[in-house]
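Okay, so here's the structure we're looking at.
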Amino acid sequence: MQSLKPYIESFNNFLKSIMKGLPESTLYDPVRYIMNTPGKRIRPSLGMLGCELFGGSSDDALPVALAVEVFHNFTLVHDDIMDDADIRRGKESVHVKYGNSNAILSGDAMMILSYDILKNYQDKVFTPLVKVLTETGLGLCEGQQSDMNFEEMEYVSIEDYLIMIEKKTSILLGASLKMGSIVGGAGQEDQEHLYQFGKYIGIAFQIHDDMLDVFGDDQKVGKIRCGDIINNKKTYLYLKALELADADQKSTLLSYYSHAPSDPTEKINKVLSIFKSLVVEEYANQLKEAYLHLGKSHLQAVNGNENVKTLLMDLADYLIARDL
C-alpha cells in the first residue's frame, strides 16, 4: 500500500539502528534474522498512524511501533515451533535455521526487548503503554492455548473460534493503535474506539488469512498453502463446512481431521472439494465484510485528523483484499 511507504521507511530505518546496537552473538542473530525478514509492517504503521491521528508526530511513536513489531515477531518465532512450520515469509523459520533451543531463547529475549524499547517514555505514558502490552500479551497466550486445545477437540463452535482469533490475532492490531494514540495524547473514549476498530479489523484480517491459506497462491502468501488443513486447524472455513455438511461430508471431514497422514495430498484434495461444494469461501467473505463494517463504525466515532482516518479506512480495506 503506497500511502504507508513513508511510515514503513521511517520504521525500517529506526529498526536498523536498533538492530545494529544489539551485540553480535548467537542470542541476537535469530532476532536480527526475523526482524530483517521483510513483512507487511502493518502493526508498526498502525502505531504511528494512531499517534498522528491525535496530532502527534509519527516519529514520537517509533518506539511503540518497534515494541509492538518485536513482540509480534516473538510470537511468530514460538508459534512456528509449536506448529512445526518450516517457512515464514518465504524463508526458513527461525527454529529451522537456528534450532529449537536457540529459537525459544531468542524469542524470550525479543519479548523482554519489546518492553525495554518503551523505557524512554515519561512515566505518564510508559505506565499505560506497559499495561496495554501486558494485557495484550496475556490475551495472545490465551488465544494460542485455545488454538492448540482446538486441535485435540472434535467439535469447536464458531463463536469459540472467533473468540480465539480475537485474542490470538486481532487484539495486537487494536493494541498497536491504542498505544500509538496514548503517545499522541488521545482521551480514553477515543483510545477505546480506536482499539475496537483495530480489534474488529483484526478479526476480518484473520478470516481473510484463513482464506489465503486455503485458496491463496504460495508465492504471494509466503508460506506453504493448506497448512491449516494439514495441521488440523479448526478455522472458520472448516467449522462452517461442518455446520453445512451432510452426513457423508461431515464424516469425511471428521475422519481427515482426526490424524495427520505422512502424505497429505489426498486429505487436502478431499477437504478442498468439500469446502468448494459448500461455498464456505462465500460465507467467510460475508463474515469478514461484517467485521470490517463494524470496525469502521468505531473509527468514524473517533474525534481525530480526518486525513489519517481516511488512510486507516483505506488500510482496513487493503488488509482484507490481499490477493487470493
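Every chain in the C-alpha cells has a letter given in the order shown (A, B, ...), and although residue numbers restart at 1 in each chain, ligands are simply numbered from 1 in the order shown.
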
Which residues of range 183-255 of chain A sit at most 10 Å from range 121-133 of chain A, using only C-alpha atoms? Give each one's shortest atom pair and distance in Å (one decimal place), in chain and ascending residue order, as CSV.
residue,atom,partner,partner_atom,distance
A:Val183,CA,A:Val125,CA,6.5
A:Gly184,CA,A:Val125,CA,9.7
A:Gly185,CA,A:Val125,CA,8.9

Checklist entry - Excluding same-chain residues fewer than 3 positions from Tyr115 in chain A, what lies within 10 Å of it counting only C-alpha atoms, as a ChimeraX atom specification? => result /A:63-64,67-68,70-71,110-112,118-119,126,129-130,133-134

Go ahead and save the residues from that selection, with N, CA and C atoms, as a PDB file, in the first residue's frame.
ATOM      1  N   PRO A  63       9.171   4.174  18.944  1.00  0.00           N
ATOM      2  CA  PRO A  63       9.424   3.132  19.952  1.00  0.00           C
ATOM      3  C   PRO A  63       8.225   2.207  20.161  1.00  0.00           C
ATOM      4  N   VAL A  64       7.009   2.762  20.145  1.00  0.00           N
ATOM      5  CA  VAL A  64       5.802   1.934  20.241  1.00  0.00           C
ATOM      6  C   VAL A  64       5.715   0.998  19.042  1.00  0.00           C
ATOM      7  N   ALA A  67       8.304  -1.718  19.477  1.00  0.00           N
ATOM      8  CA  ALA A  67       7.966  -2.629  20.573  1.00  0.00           C
ATOM      9  C   ALA A  67       6.892  -3.622  20.142  1.00  0.00           C
ATOM     10  N   VAL A  68       5.872  -3.128  19.461  1.00  0.00           N
ATOM     11  CA  VAL A  68       4.782  -3.993  19.006  1.00  0.00           C
ATOM     12  C   VAL A  68       5.273  -4.982  17.953  1.00  0.00           C
ATOM     13  N   VAL A  70       8.391  -6.091  17.467  1.00  0.00           N
ATOM     14  CA  VAL A  70       9.271  -7.083  18.096  1.00  0.00           C
ATOM     15  C   VAL A  70       8.432  -8.110  18.847  1.00  0.00           C
ATOM     16  N   PHE A  71       7.418  -7.631  19.576  1.00  0.00           N
ATOM     17  CA  PHE A  71       6.543  -8.540  20.319  1.00  0.00           C
ATOM     18  C   PHE A  71       5.817  -9.479  19.355  1.00  0.00           C
ATOM     19  N   MET A 110      13.312 -11.400  22.733  1.00  0.00           N
ATOM     20  CA  MET A 110      12.516 -10.427  21.985  1.00  0.00           C
ATOM     21  C   MET A 110      11.350  -9.908  22.818  1.00  0.00           C
ATOM     22  N   MET A 111      10.713 -10.778  23.578  1.00  0.00           N
ATOM     23  CA  MET A 111       9.622 -10.333  24.436  1.00  0.00           C
ATOM     24  C   MET A 111      10.124  -9.294  25.433  1.00  0.00           C
ATOM     25  N   ILE A 112      11.282  -9.551  26.041  1.00  0.00           N
ATOM     26  CA  ILE A 112      11.851  -8.621  27.017  1.00  0.00           C
ATOM     27  C   ILE A 112      12.260  -7.318  26.340  1.00  0.00           C
ATOM     28  N   LEU A 118      10.394   0.623  25.292  1.00  0.00           N
ATOM     29  CA  LEU A 118       9.463   1.666  25.738  1.00  0.00           C
ATOM     30  C   LEU A 118       9.997   2.506  26.893  1.00  0.00           C
ATOM     31  N   LYS A 119      11.159   2.176  27.424  1.00  0.00           N
ATOM     32  CA  LYS A 119      11.621   2.745  28.694  1.00  0.00           C
ATOM     33  C   LYS A 119      11.881   4.245  28.658  1.00  0.00           C
ATOM     34  N   PHE A 126       4.544   5.839  29.727  1.00  0.00           N
ATOM     35  CA  PHE A 126       5.122   4.495  29.845  1.00  0.00           C
ATOM     36  C   PHE A 126       4.184   3.539  30.578  1.00  0.00           C
ATOM     37  N   LEU A 129       1.236   2.352  28.517  1.00  0.00           N
ATOM     38  CA  LEU A 129       1.741   1.539  27.411  1.00  0.00           C
ATOM     39  C   LEU A 129       2.058   0.123  27.872  1.00  0.00           C
ATOM     40  N   VAL A 130       2.727   0.012  29.006  1.00  0.00           N
ATOM     41  CA  VAL A 130       3.077  -1.305  29.545  1.00  0.00           C
ATOM     42  C   VAL A 130       1.820  -2.079  29.911  1.00  0.00           C
ATOM     43  N   LEU A 133       0.351  -3.437  26.662  1.00  0.00           N
ATOM     44  CA  LEU A 133       1.177  -4.503  26.097  1.00  0.00           C
ATOM     45  C   LEU A 133       1.082  -5.779  26.933  1.00  0.00           C
ATOM     46  N   THR A 134       1.039  -5.626  28.256  1.00  0.00           N
ATOM     47  CA  THR A 134       0.943  -6.793  29.139  1.00  0.00           C
ATOM     48  C   THR A 134      -0.397  -7.505  28.968  1.00  0.00           C
TER      49      THR A 134
END

Checklist entry - Which is closer to Asp29 in chain A than all the others in A:Lys97, A:Glu282, A:Ile171, A:Ser157, using only C-alpha atoms? => result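 Looking at the shortest contact to Asp29 in chain A, the residue is A:Lys97.
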
Checklist entry - DSSP on the backbone: what in range 15-222 of chain A comes out strand (DSSP E), as a VMD selection string? => result chain A and resid 87 to 88 91 to 92

Checklist entry - Suppose you want the space between CA of Glu166 in chain A and CA of Ser57 in chain A; what is it in Å? => result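 These atoms are spaced 29.0 Å apart.
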
Next on the checklist: Going by DSSP on the backbone, which residues of range 123-271 of chain A come out as helix (DSSP H, G or I)? List them as JSON, numbers by chain.
Outcome noted: {"A": [123, 124, 125, 126, 127, 128, 129, 130, 131, 132, 133, 134, 135, 136, 137, 138, 139, 140, 141, 142, 143, 144, 145, 146, 147, 148, 149, 150, 151, 158, 159, 160, 161, 162, 163, 164, 165, 166, 167, 168, 169, 170, 171, 172, 173, 174, 175, 176, 177, 178, 179, 180, 181, 182, 183, 184, 188, 189, 190, 191, 192, 193, 194, 195, 196, 197, 198, 199, 200, 201, 202, 203, 204, 205, 206, 207, 208, 209, 210, 211, 212, 213, 214, 215, 218, 219, 220, 221, 227, 228, 229, 230, 236, 237, 238, 239, 240, 241, 242, 243, 244, 247, 248, 249, 250, 251, 252, 253, 254, 255, 256, 265, 266, 267, 268, 269, 270, 271]}

Next on the checklist: Using only C-alpha atoms, can you tell me which of A:Asp116, A:Asp86, A:Glu151, A:Asp60 comes closest to Asn100 in chain A?
Outcome noted: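 Among A:Asp116, A:Asp86, A:Glu151, A:Asp60, it is A:Asp86 that comes nearest to Asn100 in chain A.
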
Checklist entry - Residues at most 7 Å from Lys167 in chain A, counting only C-alpha atoms, excluding those fewer than 6 positions away in the same chain, as JSON, numbers by chain? => result {"A": [139, 140, 142, 143]}

Item to check | Non-local contacts of Tyr33 in chain A (10 Å; only C-alpha atoms; under 2 positions in same chain excluded) as number ranges by chain | outcome: A: 19, 28-31, 35-38, 93-94, 97-98
